[in-house]
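Note sheet for the following structure.
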Amino acid sequence: MYAGDALAVMRRLPAASFDLVETDPPYCGVKDDEWDNQWASPAYYLAWIGDLCAEWARLLRPNGSLYLFASPQMAARVECKVAETFHILNNIVWVKTDGKPNGGGLWSRASKDDLRSFFPRKEHIIFAEQYGADSYAAGKSGYQAQCDRARGFVFDPIRLYLRSEWERAGLKPEDANTACGTASMAGRHYFTQSQWCMPTREHYQAMQRYANRNGGDEFLRQDYEFLRQDYEFLRQDYEDLRQDYEDLRAEYESLRRPFTVTPKDQYTDCWTAFPTVAAYPGKHPCEKPAALMEHIIITSTLPGARVLDCFCGSGATGVACKRFGRDGVLVDNDRHWVEVARDRIARAEDRQLELPGMQRERRCSRSSAEQPRLF
């Protein structure tokens with residue numbers, strides 16, 4: 001936990017040391033507070049966002065993720081500024097609701113005729129990754145080169161067996177399409193090195209029947225049987241070779257940016273399952289639902305990951321990290337909120353804390369036992 005200016009603190013932190021940046025910076029003129037009106041114009045604000053992005057890019061690992069909250073008024077311009085440094089994956093819309101069709105509280109009290117436009121009931125979350133993230137994973141593990149090797153060498157004994165038997169029967173690759181009843185797949189995938197794949201049992205047996213019924217010289221077919229190996233024996237060879245390939249793929253996946261959602265989660269870019277935090281004494285003016293912060297952390301990190309929130313407010317990110325086994329690093333330049341966050345995290349460590357609304361919101365979040373998978 002750090003008390004101080006976000007940029008100043010981040011510049012002291014080591015490079016490539018975080019798996020996730022999840023943060024909610026000032027919005028620029030949306031709130032009446034001094035901290036949200038410290039820029040002479042939106043251009044100065046966007047330049048400041050650019051400085052933050054430079055530090056986030058330095059601090060994030062190559063397979064890290066960025067989630068940045070932005071107001072409806074500034075979201076488009078903020079996204080363009082972020083895109084100068086990061087690859088934008090989504091502009092997520094968080095629909096603020098308390099369960100009523102048009103929302104309650106401020107929404108219901110607003111003078112509709114005076115608005116002259118639709119009332120904003122959303123907030124944006126810009127989801128981004130480092131440029132070249134997948135290329136890094138592929139290059140670091142040698143994945144692409146090894147995949148080419150797998151196709152061109154690891155599986156070659158099986159491919160050569162199929163091709164040599166087919167040619168010995170006097171058949172051409174395209175004849176396999178007739179045998180299997182496919183337009184072009186069999187001839188292209190069962191014999192060529194660059195696009196090779198293992199025939200299905202049905203296709204292999206169809207090729208056996210076709211080769212021994214129609215293929216080859218009549219004299220040779222009296223003494224030889226084509227495609228003699230039993231499919232199960234061939235499949236076992238394939239499985240043994242495939243294990244080498246899967247070991248390589250697992251190494252690659254461990255280097256990719258973690259991301260997982262289930263059908264029970266908010267898996268589209270429009271989030272409606274996270275009600276706003278109801279008013280209570282001592283509430284932070286920009287406090288985010290605990291379940292929303294948890295959803296981001298579970299979706300985009302693995303257990304043990306390091307998470308940065310450089311505008312931590314009341315500490316919801318830190319509490320979520322404690323609950324789900326992540327290492328949270330929090331920063332805020334308001335010492336009051338630093339102390340509030342520190343106290344909440346300490347109580348979360350002792351399993352004494354329920355953030356406002358957490359019990360209701362927990363239905364929207366996965367359990368700690370349901371850990372992420374990669375895809």
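In the structure tokens, chains take the letters A, B, ... in the order shown, each chain's residues start at 1, and ligands count up from 1 in the order shown.
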
(message) Can you tell me which residues surround range 44-47 of chain A at a distance of at most 9 Å, considering only C-alpha atoms, apart from same-chain residues fewer than 4 positions away, and format the answer as a list in words?
(response) Tyr27, Cys28, Gln38, Trp39, Ala40, Asp51, Leu52, Arg77, Val78 and Lys81 of chain A

(message) Going by DSSP on the backbone, which residues of range 280-318 of chain A come out as helix (DSSP H, G or I)? List them as a ChimeraX atom specification.
(response) /A:290-300,316-318

Output of the above residues as a short mmCIF file (atom, residue, chain, number, x, y, z; two decimals), in the first residue's frame, restricted to C-alpha atoms:
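Produced file selection-v3.cif, reproduced below:
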```cif
data_model
loop_
_atom_site.label_atom_id
_atom_site.label_comp_id
_atom_site.auth_asym_id
_atom_site.auth_seq_id
_atom_site.Cartn_x
_atom_site.Cartn_y
_atom_site.Cartn_z
CA ALA A 290 -16.94 -5.61 -4.91
CA ALA A 291 -18.32 -8.32 -7.23
CA LEU A 292 -17.35 -6.32 -10.32
CA MET A 293 -13.73 -5.98 -9.18
CA GLU A 294 -13.65 -9.66 -8.29
CA HIS A 295 -14.99 -10.60 -11.72
CA ILE A 296 -12.14 -8.77 -13.43
CA ILE A 297 -9.50 -10.30 -11.19
CA ILE A 298 -10.77 -13.86 -11.56
CA THR A 299 -11.23 -13.49 -15.31
CA SER A 300 -7.82 -12.06 -16.15
CA ALA A 316 -12.18 -2.95 -3.16
CA THR A 317 -9.39 -4.25 -5.42
CA GLY A 318 -7.18 -5.08 -2.44
#
```

(message) Please list as a PyMOL selection string every residue within 12 Å of Glu251 in chain A, counting only C-alpha atoms and excluding residues in the same chain fewer than 2 positions away.
(response) chain A and resi 137-143+146+244-249+253-256+374

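Among the candidates A:His189, A:Gly304, A:Ala179, A:Gln130, the one nearest to Arg159 in chain A when counting only C-alpha atoms is A:His189.
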
Using 7 Å as the limit and counting only C-alpha atoms, can you tabulate each residue of range 234-339 of chain A that touches range 20-25 of chain A, with its shortest atom-to-atom distance in Å and the two atoms involved, as CSV?
```
residue,atom,partner,partner_atom,distance
A:Thr301,CA,A:Leu20,CA,6.9
A:Arg306,CA,A:Leu20,CA,6.7
A:Val307,CA,A:Leu20,CA,4.8
A:Leu308,CA,A:Val21,CA,4.8
A:Asp309,CA,A:Thr23,CA,4.8
A:Cys310,CA,A:Thr23,CA,6.2
A:Phe311,CA,A:Pro25,CA,5.6
A:Cys312,CA,A:Thr23,CA,6.9
```

(message) Between CA of Glu225 in chain A and CA of Ser184 in chain A, what is the distance in Å, rounded to a tenth?
(response) 25.3 Å

(request) Tell me, as a PyMOL selection string, which residues lie within 12 Å of Met185 in chain A, counting only C-alpha atoms; anything in the same chain fewer than 4 positions away does not count. (result) chain A and resi 173-181+189-192+195-200+203

(message) At a cut-off of 7 Å, using only C-alpha atoms, what residues contact range 3-12 of chain A? Leave out same-chain residues fewer than 2 positions from it and give the result as a PyMOL selection string.
(response) chain A and resi 1+14+52+55+310+331-335+338

(message) I'd like the contact shell of Lys122 in chain A - 12 Å cut-off, only C-alpha atoms, skipping same-chain residues fewer than 6 positions apart - returned as number ranges by chain.
(response) A: 69-73, 75, 91-97, 102-103, 107, 270-272, 274-276

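Closest approach to Asp237 in chain A among A:Tyr252, A:Gly170, A:Arg213, A:Ile158: A:Ile158, based on only C-alpha atoms.
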
(request) With a distance cut-off of 6 Å and only C-alpha atoms, select the neighbouring residues of Ser314 in chain A, excluding the residue or stretch itself and same-chain residues fewer than 5 positions from it, and output the selection as number ranges by chain. (result) A: 337, 340-341

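You will find CA of Glu232 in chain A at 16.0 Å from CA of Phe155 in chain A.
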